[in-house]
Amino acid sequence: MSITIEARNVHKSYQDADRKVKVLQGINLATEAGELVAIVGPSGSGKSTLLHLLGALDTVDRGEIMIGGQALADLGRRQLAKFRNRTIGFVFQFHRLLPDFDALENVMMPGRIAGHDPVRVAQRARQLLLEVGLEERLDHFPSQLSGGERQRVAICRALLMEPPLLLADEPTGNLDPVAADQVFELLINLQQRHGTTAVLVTHNPALASRCGRILRLEKGVLYAESYGPNP
Amino acid sequence: MRQLPSWQMKLPLPSLLALRYLRSGRRDAYVSLLSLLATGGITLGVSALILVLSGLSGLQDFLRSDVLSRTPHLEIEVPEGVDSSTLCDAFKGIIGVVDAQRILRGRGWLLFSGGAISVQVVGFEGQLPRSFPVREDSFADSSGAESDVDAGAGLYLGDALARRWAVSIGDKVDLVSPRPTLTPFGPQPRAQALPLAGVFRTGRTEDNEQRVAVPLATARRLFGHHGSRIEIKTNSLDTALQVAESVAAVLPAGGRVRTWQELNRALFFALKLEKVLMFIAVFLIVPVAAMSLVTVLALLISSKRGEIGMLQAMGASAGEIRRAFLVLGGLLGTVGLVLGGTLGVGTAWMLDRYQLISPPGDVYFLSHIPFLIEGGDLAAIFLATIILIASSTLFAARRAAALGPVEALRN
């Protein structure tokens with residue numbers, strides 16, 4: 001299941017002490033359903049801010065974002081929470097697993113938030129963990145897992161609800177090259193298998209080149225850089 | 001391989017998060033210590049409140065019973081010039097009235113062996129009034145022999161004064177009235193030497209030292225008819241309140257009916273005020289503990305910021321985050337409340353059952369401090385504590401819910 005993204009003339013700024021910092025200045029972005037887009041750019045260029053806006057975690061100052069034809073500005077706080085739960089899967093640089101829950105419970109969490117039957121949610125979570133080779137790690141807590149394993153659990157969690165949109169912010173940024181490669185491979189594999197639209201923010205040009213399209217964000221403006229092997 | 005999720009995963013999300021955060025808090029020594037202080041503080045506050053209020057209730061109940069046992073159910077001020085004897089008979093005919101007794105109040109001086117003291121004199125007809133509980137041994141003199149003083153002609157003293165003056169049954173004591181008798185030689189004080197007929201003892205030092213009782217005829221001779229009253233005894237305290245109106249209807253103009261409530265209004269108000277003030281003073285422990293609860297929650301919220309952000313990214317609503325911390329605070333507070341309630345009620349019951357606190361019998365009028373656990377007190381303590389726990393928890397929980405996902409994820 002996939003979905004389109006459309007961002008029109010998006011502006012975002014922050015107040016830093018008595019100074020207003022313009023982070024995004026008129027971003028325009030449109031993706032096809034099922035597309036894998038990489039956003040690259042130097043630190044502080046606003047990549048994470050753009051991802052937060054696309055993920056309905058933050059609101060734009062100006063402009064409009066539509067996910068699957070739904071304008072985010074039309075949704076209230078509670079509706080946005082529900083929209084994130086059903087529509088978007090997040091993977092962050094620091095896995096962001098809940099330390100008080102084991103691997104299976106972490107993956108189950110979006111299903112529990114949605115109020116689904118715990119037994120069925122557990123079945124689905126187990127199946128995903130099986131797919132990423134963590135069947136022996138179900139009752140391990142994040143502190144008992146390696147960096148790569150934690151990120152694999154985080155990917156499973158992002159995919160539990162079978163969201164049509166996957167947003168990943170430096171998903172391999174905290175891993176060694178071998179683990180990073182494995183996790184990235186897994187991410188692309190799952191994205192393609194599930195037909196999910198994905199936006200990936202990365203510093204790593206090698207990983208970005210394996211995405212369908214690469215966009216460069218510089219000084220708050222988004223430029224088309226190139227099309228990768230999977231346009 | 002694990003087949004089923006743990007039972008906790010079947011709980012509603014806020015309860016599930018609260019239980020896990022409680023477990024994670026236990027692993028952090030600082031959070032653990034603060035949680036212990038908060039829960040312990042609530043336990044201490046609640047148990048102290050129950051102990052203090054039940055002790056106070058026990059003492060007040062004893063005092064109230066003692067005072068009421070010595071207070072007439074109704075006291076009638078007879079107007080000047082009205083025959084109190086006829087009036088007394090009329091009152092006895094009212095349904096609910098058990099007995100009516102004529103008395104007279106006045107002030108005079110008591111003289112004995114060079115000593116003098118100002119006293120309140122109560123003249124009575126028939127038996128001694130309820131307010132003069134006669135000691136069983138008071139009719140025996142120091143040698144143990146029975147007194148031959150006519151009980152209807154002598155004077156009754158409080159045991160404290162009798163002991164201080166070393167007066168024995170049969171000894172003559174002079175009672176002087178401030179109303180003089182006019183003679184050809186000018187005004188002369190009215191005085192009468194009266195034999196000691198008995199000794200009474202009440203719980204009040206003032207009564208034991210400054211009140212005497214004499215037969216009505218003697219009192220009238222010394223004080224005239226001014227201050228004439230009728231004391232009425234009814235079936236019960238409640239009946240007295242109902243009968244008061246019928247009595248007032250019979251009473252001629254200028255008279256006044258006062259119920260046992262009116263006679264002791266100041267005392268009952270003081271007792272109530274004492275209890276309210278003690279409640280407020282001891283209850284101050286609980287807000288301090290509730291502040292610790294806010295600190296614990298604030299600390300947990302601070303350490304869980306990133307997790308709160310991730311939960312919001314996954315679709316958890318602000319309401320669910322708020323409820324999670326409400327349940328957490330509620331759990332800590334409830335443990336303190338239940339422990340405090342059990343400790344307080346248990347200790348009060350033991351102190352009362354086994355009479356563990358015994359004040360010196362020669363100083364106090366009590367053999368032991370009674371503890372009375374009243375449902376109303378418990379309800380007030382529990383309700384006030386629950387309100388305080390809920391409001392302080394809500395304060396902290398709202399801060400957690402107010403965190404935006406981006407703000408929380410920046411952690």
# chains A, B, ... in the order shown; residues from 1 in each chain; ligands from 1
call {"tool": "interface_residues", "arguments": {"of": "chain A", "to": "chain B", "cutoff": "6 Å", "atoms": "only C-alpha atoms", "output": "compact mmCIF listing (two decimals) with N, CA and C atoms, in the first residue's frame"}}
result
# COMPACT_ATOMS: atom_id res chain seq x y z
N LEU A 57 4.24 15.81 12.44
CA LEU A 57 4.70 16.01 13.83
C LEU A 57 4.77 17.50 14.16
N ALA A 81 -2.94 12.74 15.44
CA ALA A 81 -2.36 11.58 16.14
C ALA A 81 -2.86 10.29 15.48
N LYS A 82 -4.14 10.23 15.21
CA LYS A 82 -4.72 9.04 14.59
C LYS A 82 -4.16 8.86 13.16
N ARG A 84 -1.22 9.84 12.03
CA ARG A 84 0.16 9.33 12.13
C ARG A 84 0.15 7.84 12.40
N ASN A 85 -0.76 7.43 13.31
CA ASN A 85 -0.82 6.02 13.69
C ASN A 85 -1.15 5.12 12.51
N ASP A 100 11.54 0.26 28.41
CA ASP A 100 10.83 -0.57 29.40
C ASP A 100 10.02 -1.68 28.75
N PRO A 110 2.48 0.42 18.14
CA PRO A 110 1.51 1.17 17.30
C PRO A 110 0.14 0.48 17.25
N ILE A 113 -1.62 1.26 20.45
CA ILE A 113 -2.11 2.65 20.42
C ILE A 113 -3.39 2.72 19.59
N PRO A 118 -4.71 -7.32 21.11
CA PRO A 118 -3.30 -7.57 21.43
C PRO A 118 -2.77 -8.90 20.87
call {"tool": "residues_around", "arguments": {"residues": "Gln191 in chain A", "least_positions_apart": "3", "cutoff": "9 Å", "atoms": "only C-alpha atoms", "output": "MDAnalysis selection string"}}
result
chainID A and resid 34 36 159 166 186:188 194:198
call {"tool": "closest_residue", "arguments": {"among": "B:Leu343, B:Leu331, B:Leu87, B:Leu33", "to": "Gly255 in chain B", "atoms": "only C-alpha atoms"}}
result
B:Leu87
call {"tool": "select_by_dssp", "arguments": {"residues": "range 228-405 of chain B", "states": "strand (DSSP E)", "output": "mmCIF file with N, CA, C and O atoms, in the first residue's frame"}}
result
data_model
loop_
_atom_site.group_PDB
_atom_site.id
_atom_site.type_symbol
_atom_site.label_atom_id
_atom_site.label_comp_id
_atom_site.auth_asym_id
_atom_site.auth_seq_id
_atom_site.Cartn_x
_atom_site.Cartn_y
_atom_site.Cartn_z
ATOM 1 N N SER B 228 -34.236 31.909 90.438
ATOM 2 C CA SER B 228 -34.976 30.651 90.534
ATOM 3 C C SER B 228 -35.072 29.987 89.157
ATOM 4 O O SER B 228 -35.364 30.626 88.155
ATOM 5 N N ARG B 229 -34.789 28.686 89.138
ATOM 6 C CA ARG B 229 -34.802 27.943 87.866
ATOM 7 C C ARG B 229 -35.458 26.584 88.066
ATOM 8 O O ARG B 229 -35.567 26.098 89.192
ATOM 9 N N ILE B 230 -35.836 25.986 86.939
ATOM 10 C CA ILE B 230 -36.338 24.606 86.989
ATOM 11 C C ILE B 230 -35.517 23.795 85.998
ATOM 12 O O ILE B 230 -35.318 24.204 84.841
ATOM 13 N N GLU B 231 -34.996 22.674 86.471
ATOM 14 C CA GLU B 231 -34.242 21.783 85.573
ATOM 15 C C GLU B 231 -35.156 20.627 85.175
ATOM 16 O O GLU B 231 -35.762 19.997 86.048
ATOM 17 N N ILE B 232 -35.217 20.355 83.866
ATOM 18 C CA ILE B 232 -36.111 19.306 83.380
ATOM 19 C C ILE B 232 -35.301 18.167 82.795
ATOM 20 O O ILE B 232 -34.340 18.386 82.030
ATOM 21 N N LYS B 233 -35.691 16.957 83.167
ATOM 22 C CA LYS B 233 -35.072 15.764 82.588
ATOM 23 C C LYS B 233 -36.105 15.121 81.662
ATOM 24 O O LYS B 233 -37.265 14.979 82.039
ATOM 25 N N THR B 234 -35.683 14.767 80.458
ATOM 26 C CA THR B 234 -36.614 14.143 79.500
ATOM 27 C C THR B 234 -36.137 12.726 79.169
ATOM 28 O O THR B 234 -35.111 12.280 79.678
ATOM 29 N N ARG B 256 -37.602 31.899 80.401
ATOM 30 C CA ARG B 256 -36.733 31.515 79.269
ATOM 31 C C ARG B 256 -36.408 30.033 79.354
ATOM 32 O O ARG B 256 -36.141 29.507 80.438
ATOM 33 N N VAL B 257 -36.482 29.373 78.177
ATOM 34 C CA VAL B 257 -36.135 27.946 78.122
ATOM 35 C C VAL B 257 -34.797 27.818 77.410
ATOM 36 O O VAL B 257 -34.603 28.390 76.337
ATOM 37 N N ARG B 258 -33.893 27.090 77.996
ATOM 38 C CA ARG B 258 -32.619 26.829 77.309
ATOM 39 C C ARG B 258 -32.404 25.325 77.240
ATOM 40 O O ARG B 258 -32.546 24.623 78.257
ATOM 41 N N THR B 259 -32.089 24.837 76.037
ATOM 42 C CA THR B 259 -31.864 23.391 75.864
ATOM 43 C C THR B 259 -30.421 23.051 76.220
ATOM 44 O O THR B 259 -29.578 23.949 76.372
#
call {"tool": "atom_distance", "arguments": {"atom1": "CA of Ser113 in chain B", "atom2": "CA of Gly198 in chain B"}}
result
18.4 Å
call {"tool": "closest_residue", "arguments": {"among": "B:Phe185, B:Tyr156, B:Tyr364, B:Trp260", "to": "Val119 in chain B", "atoms": "only C-alpha atoms"}}
result
B:Tyr156
call {"tool": "residues_around", "arguments": {"residues": "Ser35 in chain B", "least_positions_apart": "5", "cutoff": "10 Å", "atoms": "only C-alpha atoms", "output": "PyMOL selection string"}}
result
chain B and resi 22+25-26+29-30+40-41+289+292-297+329+332-333
call {"tool": "atom_distance", "arguments": {"atom1": "CA of His95 in chain A", "atom2": "CA of Gly148 in chain A"}}
result
9.4 Å
call {"tool": "atom_distance", "arguments": {"atom1": "CA of Ser118 in chain B", "atom2": "CA of Leu182 in chain B"}}
result
22.5 Å
call {"tool": "closest_residue", "arguments": {"among": "B:Ala116, B:Leu161, B:Ala240, B:Leu56", "to": "Asp99 in chain B", "atoms": "only C-alpha atoms"}}
result
B:Ala240
